[in-house]
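Containing compact mmCIF, C-alpha atoms: input-v4.txt.
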```txt
# COMPACT_ATOMS: atom_id res chain seq x y z
CA MET S 1 11.43 7.74 -1.85
CA LEU S 2 8.69 5.62 -3.26
CA SER S 3 7.79 6.55 -6.80
CA ARG S 4 4.24 5.36 -7.01
CA PRO S 5 2.17 6.97 -9.71
CA GLY S 6 0.03 9.29 -7.72
CA ILE S 7 0.90 12.50 -6.06
CA PRO S 8 3.95 14.37 -7.25
CA ALA S 9 5.66 16.90 -5.05
CA GLY S 10 4.03 19.80 -6.88
CA TRP S 11 0.55 18.72 -5.94
CA LEU S 12 1.61 17.94 -2.39
CA ALA S 13 2.89 21.46 -2.20
CA LEU S 14 -0.50 22.65 -3.41
CA ILE S 15 -2.14 20.74 -0.60
CA LEU S 16 0.26 22.16 1.93
CA LEU S 17 0.52 25.68 0.53
CA PRO S 18 -2.81 27.09 1.66
CA ALA S 19 -1.82 26.16 5.15
CA LEU S 20 1.42 28.11 4.79
CA THR S 21 0.41 31.12 2.76
CA CYS S 22 -3.18 32.04 3.55
CA ALA S 23 -3.80 31.28 7.14
CA ALA S 24 -2.65 28.72 9.63
CA PRO S 25 -5.00 25.75 9.53
CA THR S 26 -7.50 25.66 12.31
CA GLU S 27 -7.27 22.86 14.79
CA GLN S 28 -10.33 21.33 13.16
CA GLN S 29 -8.66 21.39 9.72
CA SER S 30 -5.47 19.78 11.06
CA ARG S 31 -7.48 17.06 12.70
CA GLY S 32 -9.43 16.68 9.48
CA GLN S 33 -6.20 16.19 7.55
CA TYR S 34 -5.18 13.39 9.90
CA LEU S 35 -8.62 11.82 9.53
CA VAL S 36 -8.52 12.11 5.74
CA ASN S 37 -5.29 10.10 5.86
CA ALA S 38 -6.72 7.59 8.32
CA GLY S 39 -9.87 7.30 6.21
CA GLY S 40 -7.94 6.44 3.06
CA CYS S 41 -9.74 9.18 1.14
CA VAL S 42 -6.74 10.13 -1.00
CA THR S 43 -6.09 6.63 -2.33
CA CYS S 44 -9.54 6.17 -3.86
CA HIS S 45 -10.35 9.77 -4.73
CA THR S 46 -7.13 10.35 -6.70
CA GLU S 47 -6.57 9.04 -10.20
CA ASP S 48 -3.82 6.41 -10.39
CA ARG S 49 -1.44 8.20 -12.75
CA ASP S 50 1.53 10.51 -12.50
CA GLY S 51 0.54 14.11 -12.00
CA ALA S 52 -3.06 13.40 -10.96
CA ALA S 53 -4.67 16.06 -8.76
CA PRO S 54 -5.24 14.68 -5.28
CA LEU S 55 -8.87 14.14 -4.30
CA ALA S 56 -10.16 15.28 -7.70
CA GLY S 57 -11.50 11.76 -8.37
CA GLY S 58 -11.28 9.58 -11.45
CA ARG S 59 -9.64 6.53 -9.93
CA GLU S 60 -10.88 3.34 -11.52
CA LEU S 61 -12.15 0.70 -9.11
CA VAL S 62 -12.69 -2.62 -10.83
CA SER S 63 -15.12 -4.84 -8.91
CA PRO S 64 -17.18 -7.94 -9.65
CA PHE S 65 -20.14 -5.53 -9.98
CA GLY S 66 -18.61 -3.33 -12.66
CA THR S 67 -16.09 -0.50 -12.83
CA PHE S 68 -16.56 2.53 -10.61
CA TYR S 69 -14.86 5.91 -10.98
CA SER S 70 -14.40 7.88 -7.78
CA PRO S 71 -15.84 11.42 -7.78
CA ASN S 72 -14.12 14.76 -7.27
CA ILE S 73 -14.26 15.72 -3.58
CA THR S 74 -12.33 18.98 -3.82
CA PRO S 75 -14.40 22.09 -2.99
CA ASP S 76 -14.95 23.06 -6.62
CA LYS S 77 -18.49 24.41 -6.81
CA LYS S 78 -19.29 23.05 -10.28
CA THR S 79 -17.55 19.68 -10.42
CA GLY S 80 -16.69 18.93 -6.79
CA ILE S 81 -18.49 19.24 -3.47
CA GLY S 82 -18.05 23.00 -3.02
CA ASN S 83 -21.79 23.58 -2.58
CA TRP S 84 -22.31 20.97 0.07
CA SER S 85 -23.54 21.98 3.50
CA ASP S 86 -22.36 20.28 6.67
CA GLU S 87 -25.61 18.34 6.63
CA ASP S 88 -25.05 17.18 3.05
CA PHE S 89 -21.58 15.95 3.93
CA GLU S 90 -22.70 14.20 7.08
CA ARG S 91 -25.58 12.54 5.25
CA ALA S 92 -23.20 11.18 2.61
CA MET S 93 -20.79 9.81 5.20
CA HIS S 94 -23.31 8.53 7.71
CA GLU S 95 -26.22 7.50 5.52
CA GLY S 96 -24.86 6.90 2.03
CA LEU S 97 -27.15 9.47 0.44
CA SER S 98 -26.19 12.22 -1.97
CA PRO S 99 -27.44 15.81 -1.46
CA SER S 100 -30.25 15.04 -3.94
CA GLY S 101 -31.25 12.01 -1.87
CA SER S 102 -30.12 9.26 -4.23
CA SER S 103 -28.31 6.24 -2.81
CA TYR S 104 -24.59 5.81 -3.28
CA PHE S 105 -23.21 2.52 -4.48
CA PRO S 106 -21.46 0.81 -1.60
CA ALA S 107 -18.18 1.13 -3.53
CA PHE S 108 -18.18 4.32 -1.46
CA PRO S 109 -17.70 2.77 2.00
CA TYR S 110 -20.50 4.65 3.76
CA THR S 111 -21.36 1.31 5.37
CA ALA S 112 -18.10 1.76 7.34
CA TYR S 113 -18.07 5.56 7.62
CA THR S 114 -21.50 5.49 9.22
CA GLY S 115 -19.72 4.66 12.48
CA ILE S 116 -17.52 7.75 12.65
CA THR S 117 -18.43 10.59 14.98
CA ARG S 118 -20.18 13.72 13.69
CA GLN S 119 -17.22 15.70 14.97
CA ASP S 120 -14.80 13.65 12.86
CA ALA S 121 -17.02 13.85 9.76
CA LEU S 122 -17.15 17.64 10.03
CA ALA S 123 -13.39 17.87 10.62
CA ILE S 124 -12.86 15.92 7.39
CA LYS S 125 -15.15 18.34 5.58
CA ALA S 126 -13.36 21.35 7.08
CA TYR S 127 -10.03 20.03 5.81
CA LEU S 128 -11.37 19.19 2.34
CA PHE S 129 -12.87 22.69 2.07
CA SER S 130 -9.50 24.25 2.99
CA LEU S 131 -7.91 22.75 -0.14
CA PRO S 132 -7.76 24.43 -3.54
CA PRO S 133 -10.79 23.54 -5.69
CA VAL S 134 -9.94 21.45 -8.75
CA SER S 135 -12.21 21.50 -11.78
CA ALA S 136 -12.58 17.88 -12.89
CA VAL S 137 -15.87 16.50 -14.18
CA ASN S 138 -16.86 13.16 -12.65
CA LYS S 139 -16.63 10.16 -14.91
CA GLU S 140 -19.70 7.95 -15.33
CA HIS S 141 -19.39 4.50 -13.76
CA ASP S 142 -19.15 1.64 -16.21
CA LEU S 143 -21.71 -0.80 -14.83
CA PRO S 144 -23.94 -3.61 -16.09
CA ALA S 145 -27.59 -2.62 -16.65
CA TYR S 146 -28.80 -4.15 -13.38
CA MET S 147 -26.54 -1.83 -11.38
CA SER S 148 -28.79 1.22 -11.37
CA ARG S 149 -29.24 3.87 -8.69
CA PHE S 150 -32.51 2.09 -7.96
CA ALA S 151 -30.58 -1.13 -7.33
CA ALA S 152 -28.28 0.84 -5.04
CA LYS S 153 -31.35 2.07 -3.16
CA ILE S 154 -32.70 -1.44 -2.72
CA TRP S 155 -29.29 -2.71 -1.65
CA ARG S 156 -29.02 0.08 0.88
CA SER S 157 -32.45 -0.58 2.37
CA ARG S 158 -31.71 -4.28 2.63
CA TYR S 159 -28.13 -4.34 3.94
CA PHE S 160 -27.49 -1.02 5.61
CA GLU S 161 -28.35 0.45 8.94
CA ALA S 162 -26.92 3.81 9.97
CA HIS S 163 -25.19 3.68 13.36
CA ARG S 164 -22.41 5.44 15.25
CA PHE S 165 -19.55 3.50 16.81
CA GLN S 166 -20.20 2.60 20.44
CA PRO S 167 -17.07 1.87 22.49
CA ASP S 168 -17.15 -1.48 24.25
CA PRO S 169 -16.63 -0.79 27.97
CA GLU S 170 -15.36 -4.36 28.46
CA GLN S 171 -12.39 -3.65 26.20
CA SER S 172 -9.33 -1.43 26.63
CA ASP S 173 -9.15 2.11 25.24
CA GLU S 174 -6.51 0.86 22.81
CA TRP S 175 -8.79 -1.89 21.48
CA ASN S 176 -11.66 0.57 21.12
CA ARG S 177 -9.51 3.02 19.20
CA GLY S 178 -8.36 0.14 16.99
CA ALA S 179 -11.96 -0.95 16.41
CA TYR S 180 -12.92 2.59 15.40
CA LEU S 181 -10.01 2.82 12.96
CA VAL S 182 -10.33 -0.68 11.48
CA ARG S 183 -14.10 -1.02 11.22
CA HIS S 184 -15.08 2.54 10.44
CA LEU S 185 -12.53 5.17 9.46
CA GLY S 186 -9.96 2.83 7.86
CA HIS S 187 -12.71 0.56 6.46
CA CYS S 188 -10.26 -2.38 6.29
CA GLY S 189 -13.12 -4.84 5.87
CA GLU S 190 -14.09 -3.37 2.51
CA CYS S 191 -11.18 -5.28 1.01
CA HIS S 192 -10.26 -7.85 3.66
CA THR S 193 -13.71 -9.24 4.52
CA PRO S 194 -15.32 -11.68 2.08
CA ARG S 195 -18.67 -10.78 0.53
CA LYS S 196 -21.94 -12.54 -0.19
CA SER S 197 -23.13 -12.81 -3.75
CA LEU S 198 -24.86 -9.41 -3.61
CA GLY S 199 -21.82 -7.74 -2.14
CA ALA S 200 -22.79 -7.51 1.52
CA LEU S 201 -19.91 -8.28 3.88
CA ILE S 202 -20.00 -11.66 5.64
CA VAL S 203 -19.82 -10.26 9.15
CA ASN S 204 -18.93 -13.48 10.94
CA ARG S 205 -15.85 -13.74 8.71
CA GLU S 206 -14.57 -10.27 9.56
CA LEU S 207 -11.17 -9.65 7.89
CA ALA S 208 -10.84 -13.34 6.95
CA GLY S 209 -9.60 -12.45 3.46
CA ASN S 210 -11.33 -11.94 0.14
CA PRO S 211 -10.37 -14.01 -2.89
CA GLU S 212 -12.35 -11.63 -5.08
CA GLY S 213 -10.98 -8.33 -3.89
CA PRO S 214 -10.90 -5.08 -5.84
CA ASP S 215 -8.77 -5.03 -8.99
CA ASP S 216 -8.93 -8.84 -9.04
CA GLU S 217 -6.54 -9.15 -6.14
CA HIS S 218 -6.61 -11.95 -3.63
CA VAL S 219 -6.80 -9.98 -0.39
CA PRO S 220 -5.24 -11.83 2.55
CA ASN S 221 -6.76 -13.06 5.79
CA ILE S 222 -5.60 -10.73 8.59
CA THR S 223 -7.23 -12.49 11.52
CA PRO S 224 -4.83 -14.01 14.08
CA HIS S 225 -5.14 -17.54 12.65
CA LYS S 226 -1.66 -19.07 12.81
CA ASP S 227 -1.69 -20.64 9.34
CA ALA S 228 -4.38 -18.88 7.33
CA GLY S 229 -3.95 -15.43 8.87
CA ILE S 230 -1.31 -13.35 10.62
CA GLY S 231 -1.31 -15.24 13.93
CA ARG S 232 2.47 -15.55 13.88
CA TRP S 233 3.01 -11.81 13.62
CA SER S 234 3.86 -9.91 16.81
CA LYS S 235 2.12 -6.67 17.65
CA SER S 236 5.34 -4.90 16.69
CA ASP S 237 5.38 -6.76 13.33
CA ILE S 238 1.88 -5.49 12.54
CA GLU S 239 2.70 -1.94 13.59
CA TYR S 240 5.86 -1.96 11.50
CA PHE S 241 4.09 -3.41 8.47
CA LEU S 242 1.53 -0.59 8.63
CA ASP S 243 4.41 1.87 8.94
CA ILE S 244 6.71 0.76 6.11
CA GLY S 245 5.06 -2.24 4.43
CA MET S 246 7.52 -4.92 5.48
CA LEU S 247 6.24 -8.42 6.13
CA PRO S 248 7.88 -10.15 9.12
CA ASP S 249 10.01 -12.29 6.78
CA GLY S 250 11.56 -9.20 5.18
CA ASP S 251 9.43 -9.20 2.03
CA PHE S 252 7.56 -6.20 0.67
CA ALA S 253 4.26 -7.31 -0.75
CA GLY S 254 3.30 -4.65 -3.25
CA GLY S 255 -0.23 -4.58 -4.64
CA SER S 256 -3.02 -2.30 -3.45
CA MET S 257 -1.71 -2.24 0.11
CA VAL S 258 1.31 -0.18 -0.99
CA ALA S 259 -0.95 2.81 -1.60
CA VAL S 260 -2.85 2.18 1.64
CA ILE S 261 0.42 2.25 3.57
CA GLU S 262 1.76 5.26 1.75
CA ASP S 263 -1.40 7.40 1.88
CA ASN S 264 -2.90 6.15 5.08
CA THR S 265 -1.32 3.93 7.72
CA SER S 266 2.25 5.31 7.55
CA LYS S 267 0.81 8.74 8.33
CA LEU S 268 -0.91 7.61 11.50
CA THR S 269 0.66 7.97 14.92
CA ARG S 270 2.48 4.92 16.22
CA GLU S 271 -0.18 4.72 18.95
CA ASP S 272 -2.91 4.44 16.33
CA ARG S 273 -1.01 1.73 14.45
CA LEU S 274 -0.55 -0.18 17.71
CA ALA S 275 -4.28 0.23 18.38
CA ILE S 276 -5.03 -1.32 14.99
CA ALA S 277 -2.65 -4.18 15.81
CA SER S 278 -4.32 -4.65 19.16
CA TYR S 279 -7.75 -4.90 17.53
CA LEU S 280 -6.57 -7.32 14.84
CA GLN S 281 -4.90 -9.59 17.38
CA ALA S 282 -8.13 -9.82 19.36
CA LEU S 283 -10.26 -10.95 16.40
CA PRO S 284 -11.46 -14.55 16.31
CA PRO S 285 -8.92 -16.50 14.23
CA ALA S 286 -10.59 -17.54 10.97
CA ALA S 287 -9.41 -20.64 9.12
CA ASP S 288 -9.60 -20.74 5.34
CA LYS S 289 -12.90 -22.01 4.03
CA ASP S 290 -12.87 -25.25 2.04
CA MET E 291 59.94 -24.76 -30.96
CA HIS E 292 57.30 -24.58 -33.66
CA ARG E 293 55.41 -27.38 -31.97
CA LYS E 294 55.66 -25.66 -28.60
CA PHE E 295 54.21 -22.51 -30.10
CA LEU E 296 51.34 -24.44 -31.62
CA THR E 297 50.58 -26.13 -28.30
CA ALA E 298 50.55 -22.77 -26.61
CA VAL E 299 48.17 -21.33 -29.21
CA THR E 300 45.89 -24.35 -28.97
CA ALA E 301 45.88 -24.10 -25.20
CA SER E 302 44.97 -20.44 -25.19
CA VAL E 303 42.25 -20.96 -27.81
CA ALA E 304 40.86 -23.77 -25.68
CA ALA E 305 41.02 -21.58 -22.59
CA CYS E 306 39.14 -18.85 -24.40
CA ALA E 307 36.51 -21.34 -25.51
CA VAL E 308 36.11 -22.57 -21.93
CA SER E 309 35.79 -19.04 -20.62
CA LEU E 310 33.26 -18.26 -23.36
CA VAL E 311 31.18 -21.20 -22.21
CA ALA E 312 31.54 -20.07 -18.61
CA PHE E 313 30.35 -16.54 -19.40
CA ALA E 314 27.60 -17.41 -21.86
CA GLU E 315 24.12 -16.34 -20.80
CA PRO E 316 22.68 -18.76 -18.23
CA SER E 317 19.60 -20.78 -19.13
CA ALA E 318 16.27 -19.11 -18.34
CA GLU E 319 15.78 -21.58 -15.47
CA ASP E 320 19.18 -20.86 -13.95
CA ALA E 321 18.73 -17.12 -14.35
CA GLN E 322 15.40 -17.33 -12.54
CA LYS E 323 16.84 -19.53 -9.80
CA TYR E 324 19.78 -17.18 -9.30
CA ARG E 325 17.44 -14.20 -9.12
CA VAL E 326 15.31 -15.88 -6.46
CA SER E 327 18.47 -16.61 -4.44
CA ILE E 328 19.52 -12.98 -4.58
CA MET E 329 16.03 -11.84 -3.56
CA THR E 330 16.00 -14.34 -0.69
CA THR E 331 19.33 -12.97 0.49
CA LEU E 332 17.94 -9.44 0.39
CA LYS E 333 14.89 -10.59 2.32
CA GLY E 334 17.14 -12.08 5.01
CA HIS E 335 19.14 -8.89 5.39
CA ILE E 336 15.99 -6.78 5.43
CA GLY E 337 14.32 -8.94 8.06
CA ALA E 338 17.41 -8.97 10.29
CA ALA E 339 18.16 -5.26 9.84
CA SER E 340 14.56 -4.39 10.68
CA MET E 341 14.81 -6.19 14.03
CA ILE E 342 17.87 -4.10 14.95
CA VAL E 343 16.43 -0.86 13.59
CA ARG E 344 13.27 -1.42 15.60
CA GLY E 345 15.33 -1.93 18.73
CA LEU E 346 14.16 -5.52 19.22
CA VAL E 347 17.70 -6.90 18.90
CA GLU E 348 20.87 -5.15 20.03
CA ASP E 349 23.30 -3.99 17.35
CA ASP E 350 26.69 -5.57 18.00
CA GLY E 351 28.06 -4.15 14.77
CA HIS E 352 26.09 -6.39 12.44
CA LEU E 353 23.68 -3.75 11.25
CA LEU E 354 26.45 -2.47 9.01
CA ALA E 355 26.99 -5.96 7.61
CA HIS E 356 23.28 -6.24 6.81
CA ALA E 357 23.25 -2.78 5.28
CA GLU E 358 26.24 -3.64 3.09
CA GLY E 359 24.66 -6.96 2.16
CA LEU E 360 21.60 -5.06 1.00
CA LYS E 361 23.65 -2.58 -0.97
CA ASN E 362 25.69 -5.30 -2.66
CA GLY E 363 22.66 -7.43 -3.47
CA VAL E 364 20.68 -4.52 -4.86
CA ALA E 365 23.68 -3.49 -6.98
CA GLU E 366 23.43 -6.85 -8.67
CA LEU E 367 19.74 -6.66 -9.51
CA HIS E 368 20.25 -4.91 -12.83
CA ARG E 369 21.85 -8.05 -14.27
CA VAL E 370 19.54 -10.73 -12.91
CA PHE E 371 16.46 -9.88 -14.95
CA GLN E 372 17.54 -11.68 -18.09
CA GLU E 373 14.99 -11.41 -20.87
CA GLY E 374 12.94 -14.62 -21.18
CA SER E 375 13.66 -15.68 -17.61
CA ALA E 376 10.08 -15.30 -16.35
CA VAL E 377 9.84 -19.07 -16.14
CA GLY E 378 8.80 -21.61 -13.52
CA GLU E 379 7.40 -19.91 -10.45
CA SER E 380 8.77 -16.54 -11.47
CA GLU E 381 6.82 -13.56 -10.20
CA ALA E 382 8.48 -11.14 -12.58
CA LEU E 383 5.91 -9.17 -14.59
CA PRO E 384 6.34 -8.49 -18.34
CA ALA E 385 6.45 -4.76 -17.46
CA ILE E 386 10.12 -5.30 -16.50
CA TRP E 387 11.02 -5.80 -20.16
CA GLU E 388 8.24 -3.66 -21.62
CA GLN E 389 9.17 -0.55 -19.64
CA PRO E 390 12.94 -0.89 -19.24
CA GLU E 391 13.51 2.76 -18.39
CA LYS E 392 10.91 2.82 -15.66
CA PHE E 393 12.29 -0.43 -14.29
CA ALA E 394 15.86 0.87 -14.33
CA ALA E 395 14.71 3.97 -12.46
CA ALA E 396 13.06 1.77 -9.81
CA LEU E 397 16.29 -0.21 -9.36
CA GLU E 398 18.29 2.99 -9.18
CA ASN E 399 15.94 4.18 -6.46
CA SER E 400 16.84 1.09 -4.44
CA GLU E 401 20.56 1.53 -5.10
CA MET E 402 20.42 5.09 -3.82
CA ALA E 403 18.38 4.09 -0.78
CA THR E 404 20.67 1.20 0.20
CA THR E 405 23.81 3.32 -0.38
CA GLU E 406 22.38 5.97 1.91
CA PHE E 407 21.45 3.34 4.50
CA VAL E 408 25.06 2.06 4.57
CA LYS E 409 26.30 5.64 4.92
CA VAL E 410 24.01 6.42 7.85
CA VAL E 411 24.82 3.17 9.67
CA ALA E 412 28.57 3.51 9.03
CA ALA E 413 28.49 7.04 10.40
CA GLY E 414 27.16 5.55 13.62
CA GLY E 415 24.04 7.72 13.47
CA ASP E 416 21.28 7.33 15.98
CA ARG E 417 18.55 4.75 15.65
CA ALA E 418 16.03 7.25 14.38
CA ALA E 419 18.30 8.18 11.47
CA ALA E 420 18.97 4.53 10.68
CA GLY E 421 15.24 3.86 10.90
CA ALA E 422 14.44 6.65 8.47
CA ALA E 423 17.09 5.46 5.99
CA PHE E 424 15.82 1.91 6.34
CA ARG E 425 12.27 3.08 5.68
CA ASN E 426 13.42 4.52 2.37
CA VAL E 427 15.00 1.18 1.47
CA GLY E 428 11.69 -0.50 2.18
CA MET E 429 9.71 2.06 0.21
CA SER E 430 11.98 1.47 -2.77
CA CYS E 431 11.33 -2.29 -2.54
CA SER E 432 7.56 -1.76 -2.39
CA GLY E 433 7.67 0.79 -5.17
CA CYS E 434 9.31 -1.68 -7.51
CA HIS E 435 7.26 -4.71 -6.43
CA ASP E 436 4.08 -2.72 -6.91
CA ASP E 437 4.67 -2.30 -10.62
CA PHE E 438 6.95 -5.16 -11.55
CA ARG E 439 6.07 -8.18 -9.42
CA VAL E 440 2.94 -10.34 -9.31
CA ALA E 441 0.68 -9.00 -6.55
CA HIS E 442 0.46 -11.27 -3.54
```
Can you dump the structure from the file as structure tokens?
Amino acid sequence: MLSRPGIPAGWLALILLPALTCAAPTEQQSRGQYLVNAGGCVTCHTEDRDGAAPLAGGRELVSPFGTFYSPNITPDKKTGIGNWSDEDFERAMHEGLSPSGSSYFPAFPYTAYTGITRQDALAIKAYLFSLPPVSAVNKEHDLPAYMSRFAAKIWRSRYFEAHRFQPDPEQSDEWNRGAYLVRHLGHCGECHTPRKSLGALIVNRELAGNPEGPDDEHVPNITPHKDAGIGRWSKSDIEYFLDIGMLPDGDFAGGSMVAVIEDNTSKLTREDRLAIASYLQALPPAADKD
Amino acid sequence: MHRKFLTAVTASVAACAVSLVAFAEPSAEDAQKYRVSIMTTLKGHIGAASMIVRGLVEDDGHLLAHAEGLKNGVAELHRVFQEGSAVGESEALPAIWEQPEKFAAALENSEMATTEFVKVVAAGGDRAAAGAAFRNVGMSCSGCHDDFRVAH
């Protein structure tokens, strides 16, 4: 088994236990668990060290705009989101606003989550609220002076428009499912799409790679360009990569994607991974920029 | 007689000296080159095995050969990370030598996973079982690369 610093068996048991001991999870909670995996919530909301409590926040996210620390999203009433109403949760996911009305920094990918259905958002909340509350006080972000909540508000008003995902009737159901997972729930573009100087995604270069990705990583181009992207990968290659992390040449890349595969894509159904592959293969191939 | 004895002693001393040269530590460059060759071999076995495990290519008995190749190659990894050999285009991170216990545990993880993979394939288990064992091999590769190799 992979020994990534992260979630030891004990904590996993804690996640699973309530389901076994108290009451069987409702259908909504089970669906929420699947969506939490698909949404990559665990990776960012769990501190990157051995023994860290899942979803209790504290993971460091180093970006060109400063260092962010993810908050506690367990249902602890004092330090987590235990007091949030359904409306509070939906507003955070869909509009990027906290219960007090202040704007989140887009390090929280509300710009992607805005597209998910209300039903899915509430299933995620139902699952999170079925977990044991963990008391862990949120860590202050370490940001330059210009990165204030006010700046976040201006950024939000300038670059963000709330919208739900609308399936494209011209495309297959598989493509539409892939689009929903890639653009919204899985928020792949947050790392794989390059950004303008103020951090907004360059939409006409969707998933064309980001030389200035989080944690100083060079995030690869995953459009179907034959040389710059993954145009030589088969659909099965993409599905298998998302399942176990193997590149078609037999290499295992490592880096941030290891956690994404472990916490997120390997836990999806094969159909969902194929849907992602289908969407990626239909993107316009993007060459590297000079 | 005396001379014969002397010749014999000289010859064995010379032989020892030659074998000492042969088993001296390789240069940093050679160590790195050898390591890359081993990793490339592993990559080849992984890539080929994955095609069979996924059912894209029929197994005519070669899956076992690939599994054994992986096991043998992985068993050698503990000796190919010579200190000071992060030269040239090496992607080995200093953590390998700074956290030797953690690194050894990561290698051991891979040894266990490849040994199990050989066992499952040799037992003629179904494809699902081989796939699951192969997944663990892959996870062990990623786990080690994540901490000890330059991110790609």
task: For chain S, work out the contacting residues on chain E at 6 Å, counting all atoms listed in the file, and write them as a count of residues only.
output: 11
Per residue of region 342-394 of chain E within 7 Å of region 405-413 of chain E, record the nearest atom pair and its distance in Å to one decimal, counting all atoms listed in the file, with rows in chain order and ascending residue number, as a Markdown table.
```
| residue | atom | partner | partner_atom | distance |
| --- | --- | --- | --- | --- |
| E:Leu354 | CA | E:Val411 | CA | 5.9 |
| E:Ala357 | CA | E:Val408 | CA | 5.2 |
| E:Glu358 | CA | E:Val408 | CA | 6.0 |
| E:Lys361 | CA | E:Thr405 | CA | 5.9 |
```
File of the preceding selection, C-alpha atoms, as a PDB file, in the frame of the given file:
```pdb
ATOM      1  CA  LEU E 354      26.450  -2.470   9.010  1.00  0.00           C
ATOM      2  CA  ALA E 357      23.250  -2.780   5.280  1.00  0.00           C
ATOM      3  CA  GLU E 358      26.240  -3.640   3.090  1.00  0.00           C
ATOM      4  CA  LYS E 361      23.650  -2.580  -0.970  1.00  0.00           C
TER       5      LYS E 361
END
```
field: Point-to-point distance in Å for CA of His45 (chain S) and CA of Trp175 (chain S)
entry: 28.7 Å
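In this structure, CA of His192 (chain S) sits 4.7 Å away from CA of Leu207 (chain S).
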message: Rounded to one decimal, what separation in Å do you get between CA of Thr404 (chain E) and CA of Gly359 (chain E)?
response: 9.3 Å
Answer as a ChimeraX atom specification, residues within 7 Å of (-23.9, -5.7, -2.1) using all atoms listed in the file: /S:106,155,198-200
Using only C-alpha atoms, which protein or nucleic acid residues come within 10 Å of Gly209 (chain S)? Drop anything in the same chain fewer than 3 positions from it, and give the result as a short mmCIF file (atom, residue, chain, number, x, y, z; two decimals) with C-alpha atoms, in the frame of the given file.
```cif
data_model
loop_
_atom_site.label_atom_id
_atom_site.label_comp_id
_atom_site.auth_asym_id
_atom_site.auth_seq_id
_atom_site.Cartn_x
_atom_site.Cartn_y
_atom_site.Cartn_z
CA GLY S 189 -13.12 -4.84 5.87
CA CYS S 191 -11.18 -5.28 1.01
CA HIS S 192 -10.26 -7.85 3.66
CA THR S 193 -13.71 -9.24 4.52
CA PRO S 194 -15.32 -11.68 2.08
CA ARG S 195 -18.67 -10.78 0.53
CA ARG S 205 -15.85 -13.74 8.71
CA GLU S 206 -14.57 -10.27 9.56
CA GLU S 212 -12.35 -11.63 -5.08
CA GLY S 213 -10.98 -8.33 -3.89
CA HIS S 218 -6.61 -11.95 -3.63
CA VAL S 219 -6.80 -9.98 -0.39
CA PRO S 220 -5.24 -11.83 2.55
CA ASN S 221 -6.76 -13.06 5.79
CA ILE S 222 -5.60 -10.73 8.59
CA THR S 223 -7.23 -12.49 11.52
CA ALA S 228 -4.38 -18.88 7.33
CA GLY S 229 -3.95 -15.43 8.87
CA ALA S 286 -10.59 -17.54 10.97
CA ALA S 287 -9.41 -20.64 9.12
CA ASP S 288 -9.60 -20.74 5.34
#
```
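Using only C-alpha atoms, the smallest distance between any of E:Glu348, E:Asp416, E:Glu381, E:Glu401 and His442 (chain E) comes from E:Glu381.
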